[in-house]
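So the structure is just underneath, and the comments pick up after that.
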Amino acid sequence: MYSAFFLIILFPVSIYAQVMELNWTPNFRKELVVTCDGSDLFCESLCEATSQCVIKEGPCRDCIGTSLKINHLISEIGNTILNDGVVANKTSVVESLKSNRFVTFVAQDVYNVIDAARSVRAFKKFEDLCPDESVNQILFLSVEPRTREIIKPEFVYCDYFDRTEIFEVSSEIKMDVQFSPLHL
């Protein structure tokens, strides 16, 4: 009887509902892999599978380079791009992922040419989006379906040792601002 008690304490059961990971294919395409617990209906509603969904992420018009728009976005993570509480309705997350009107950013993303690769600064910015101490964060940005231009930060996925959470993101930045050169 005592050994079973100690076994439960030493090996806690994972209570995650879904885990999200980003992968790059050999063809340099980004994929979002969502793995679900059998008791969760997230994958079922996302891709009619019970255990795993693979969503090919579309291109991002604004993500590559050091344009003012992407520089502004990356610099504002953790400043004006902030966690706004747990997503109340996961249906909105499912609809965003199903429609493929999103792009993702992570701290060590190849798109982040503003911060040094694997820098503490980049990791800290993304950690600030999640309460407590998460081990993995994915920022989801909505994009215009036809042009694939970034519209706004939408939500953040936070992975913890014992659970996962999806939070809404508030932002005071305007991504639709057109930057033009100064006229001299």
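In the structure tokens, each chain is lettered A, B, ... as it comes, each chain's residues begin at 1, and ligands are numbered from 1 in order of appearance.
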Per residue of range 65-132 of chain A within 6 Å of range 138-153 of chain A, record the nearest atom pair and its distance in Å to one decimal, counting only C-alpha atoms, with rows in chain order and ascending residue number, as JSON lines.
```
{"residue": "A:Arg101", "atom": "CA", "partner": "A:Val143", "partner_atom": "CA", "distance": 5.2}
{"residue": "A:Phe102", "atom": "CA", "partner": "A:Ser142", "partner_atom": "CA", "distance": 4.4}
{"residue": "A:Val103", "atom": "CA", "partner": "A:Leu141", "partner_atom": "CA", "distance": 5.3}
{"residue": "A:Thr104", "atom": "CA", "partner": "A:Phe140", "partner_atom": "CA", "distance": 4.6}
{"residue": "A:Phe105", "atom": "CA", "partner": "A:Leu139", "partner_atom": "CA", "distance": 5.1}
{"residue": "A:Val106", "atom": "CA", "partner": "A:Ile138", "partner_atom": "CA", "distance": 5.1}
```
Leaving out Cys43 in chain A and any residue of its chain fewer than 4 positions from it, which residues lie within 10 Å of it when counting only C-alpha atoms, given as a list in words?
Ala17, Gln18, Val34, Thr35, Cys36, Asp37, Gly38, Cys47, Glu48, Ala49, Thr50, Ser51, Gln52, Cys53, Val54 and Val94 of chain A
Give me, as JSON, numbers by chain, all polymer residues having an atom no more than 7 Å from range 79-91 of chain A, counting only C-alpha atoms and skipping those fewer than 6 positions away in the same chain.
{"A": [129, 130, 166, 167, 168, 169, 170, 171, 172, 173]}
Shell of 10 Å around Gln108 in chain A, only C-alpha atoms, local chain residues under 4 positions omitted, as an MDAnalysis selection string
chainID A and resid 112:113 115:119 122:123 126
Selection from above, N, CA and C atoms, as a CSV table (one decimal), in the first residue's frame, can you write it?
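Resulting contents of out27.csv:
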```
chain,number,residue,atom,x,y,z
A,112,ASN,N,13.1,35.7,-36.4
A,112,ASN,CA,13.6,36.7,-35.5
A,112,ASN,C,15.1,37.0,-35.7
A,113,VAL,N,15.3,37.9,-36.6
A,113,VAL,CA,16.7,38.4,-36.9
A,113,VAL,C,17.0,39.6,-36.1
A,115,ASP,N,16.7,39.9,-32.5
A,115,ASP,CA,17.4,39.4,-31.3
A,115,ASP,C,18.5,38.4,-31.8
A,116,ALA,N,19.5,38.3,-31.0
A,116,ALA,CA,20.6,37.3,-31.3
A,116,ALA,C,20.0,35.9,-31.2
A,117,ALA,N,20.4,34.9,-32.0
A,117,ALA,CA,19.9,33.6,-32.0
A,117,ALA,C,20.1,33.0,-30.6
A,118,ARG,N,19.0,32.4,-30.1
A,118,ARG,CA,19.0,31.7,-28.8
A,118,ARG,C,19.4,32.6,-27.7
A,119,SER,N,19.2,33.9,-27.8
A,119,SER,CA,19.5,34.9,-26.8
A,119,SER,C,18.6,34.8,-25.6
A,122,ALA,N,15.5,37.1,-26.1
A,122,ALA,CA,14.4,36.6,-26.9
A,122,ALA,C,13.6,35.6,-26.1
A,123,PHE,N,14.2,34.7,-25.3
A,123,PHE,CA,13.5,33.8,-24.5
A,123,PHE,C,12.7,34.5,-23.4
A,126,PHE,N,9.4,36.1,-24.7
A,126,PHE,CA,8.3,35.1,-24.9
A,126,PHE,C,7.8,34.5,-23.6
```
Who sits within 10 Å of Glu127 in chain A, only C-alpha atoms, same chain under 3 positions skipped, as a compact mmCIF listing (two decimals) with N, CA and C atoms, in the first residue's frame:
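See part_17.txt below for the written result:
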```txt
# COMPACT_ATOMS: atom_id res chain seq x y z
N ILE A 77 6.99 42.50 -27.97
CA ILE A 77 6.60 41.29 -27.25
C ILE A 77 7.01 41.46 -25.78
N GLY A 78 6.04 41.36 -24.91
CA GLY A 78 6.28 41.55 -23.48
C GLY A 78 6.16 42.99 -23.02
N ALA A 107 10.54 32.02 -29.66
CA ALA A 107 11.76 32.77 -29.30
C ALA A 107 12.92 32.47 -30.24
N ARG A 121 17.51 37.27 -24.03
CA ARG A 121 16.55 38.36 -24.24
C ARG A 121 15.33 37.86 -25.02
N ALA A 122 15.55 37.10 -26.08
CA ALA A 122 14.44 36.58 -26.88
C ALA A 122 13.59 35.61 -26.05
N PHE A 123 14.23 34.71 -25.33
CA PHE A 123 13.48 33.76 -24.51
C PHE A 123 12.69 34.49 -23.42
N LYS A 124 13.27 35.51 -22.82
CA LYS A 124 12.61 36.26 -21.75
C LYS A 124 11.36 36.97 -22.27
N CYS A 130 3.57 34.43 -20.81
CA CYS A 130 2.91 33.38 -20.05
C CYS A 130 3.07 33.62 -18.56
N PRO A 131 1.99 33.45 -17.78
CA PRO A 131 2.17 33.57 -16.34
C PRO A 131 2.93 32.36 -15.81
N ASP A 132 3.48 32.48 -14.64
CA ASP A 132 4.28 31.42 -14.03
C ASP A 132 5.53 31.20 -14.88
N GLU A 133 6.06 30.01 -14.87
CA GLU A 133 7.27 29.72 -15.65
C GLU A 133 6.96 28.63 -16.66
N SER A 134 6.70 29.02 -17.87
CA SER A 134 6.42 28.03 -18.91
C SER A 134 7.71 27.61 -19.59
N VAL A 135 7.69 26.42 -20.16
CA VAL A 135 8.90 25.89 -20.81
C VAL A 135 8.88 26.10 -22.31
N ASN A 136 7.73 26.42 -22.86
CA ASN A 136 7.62 26.62 -24.30
C ASN A 136 6.46 27.58 -24.57
N GLN A 137 6.67 28.51 -25.48
CA GLN A 137 5.63 29.47 -25.83
C GLN A 137 5.57 29.60 -27.35
N ILE A 138 4.34 29.72 -27.85
CA ILE A 138 4.14 29.95 -29.28
C ILE A 138 3.17 31.12 -29.40
N CYS A 158 1.04 28.35 -24.07
CA CYS A 158 2.05 28.21 -23.02
C CYS A 158 2.09 26.75 -22.56
```
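Proximity of A:Glu57, A:Ser96, A:Asp62, A:Ser75 to Trp24 in chain A, computed with only C-alpha atoms, is greatest for A:Glu57.
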So how many Å separate CA of Asp109 in chain A and CA of Arg29 in chain A, to one decimal?
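If I compute the distance from CA of Asp109 in chain A to CA of Arg29 in chain A, I get 12.8 Å.
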Would you mind reading off the distance between CA of Arg61 in chain A and CA of Val33 in chain A, one decimal, in Å?
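Between CA of Arg61 in chain A and CA of Val33 in chain A the gap is 21.9 Å.
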Residues of chain A in strand (DSSP E), written as a VMD selection string
chain A and resid 18 to 24 30 to 36 52 to 56 81 to 86 102 to 105 136 to 143 150 to 159 164 to 171
Run DSSP on the backbone and give me the residues of range 97-142 of chain A it puts in helix (DSSP H, G or I), as a list of chain:residue names.
A:Leu97, A:Lys98, A:Ser99, A:Val120, A:Arg121, A:Ala122, A:Phe123, A:Lys124, A:Lys125, A:Phe126, A:Glu127
Preceding selection exported with C-alpha atoms as a compact mmCIF listing (two decimals), in the first residue's frame:
```txt
# COMPACT_ATOMS: atom_id res chain seq x y z
CA LEU A 97 -6.19 27.18 -36.97
CA LYS A 98 -8.65 25.51 -39.35
CA SER A 99 -8.87 28.60 -41.55
CA VAL A 120 18.28 35.13 -23.22
CA ARG A 121 16.55 38.36 -24.24
CA ALA A 122 14.44 36.58 -26.88
CA PHE A 123 13.48 33.76 -24.51
CA LYS A 124 12.61 36.26 -21.75
CA LYS A 125 10.27 38.21 -24.06
CA PHE A 126 8.28 35.09 -24.89
CA GLU A 127 8.31 33.85 -21.28
```
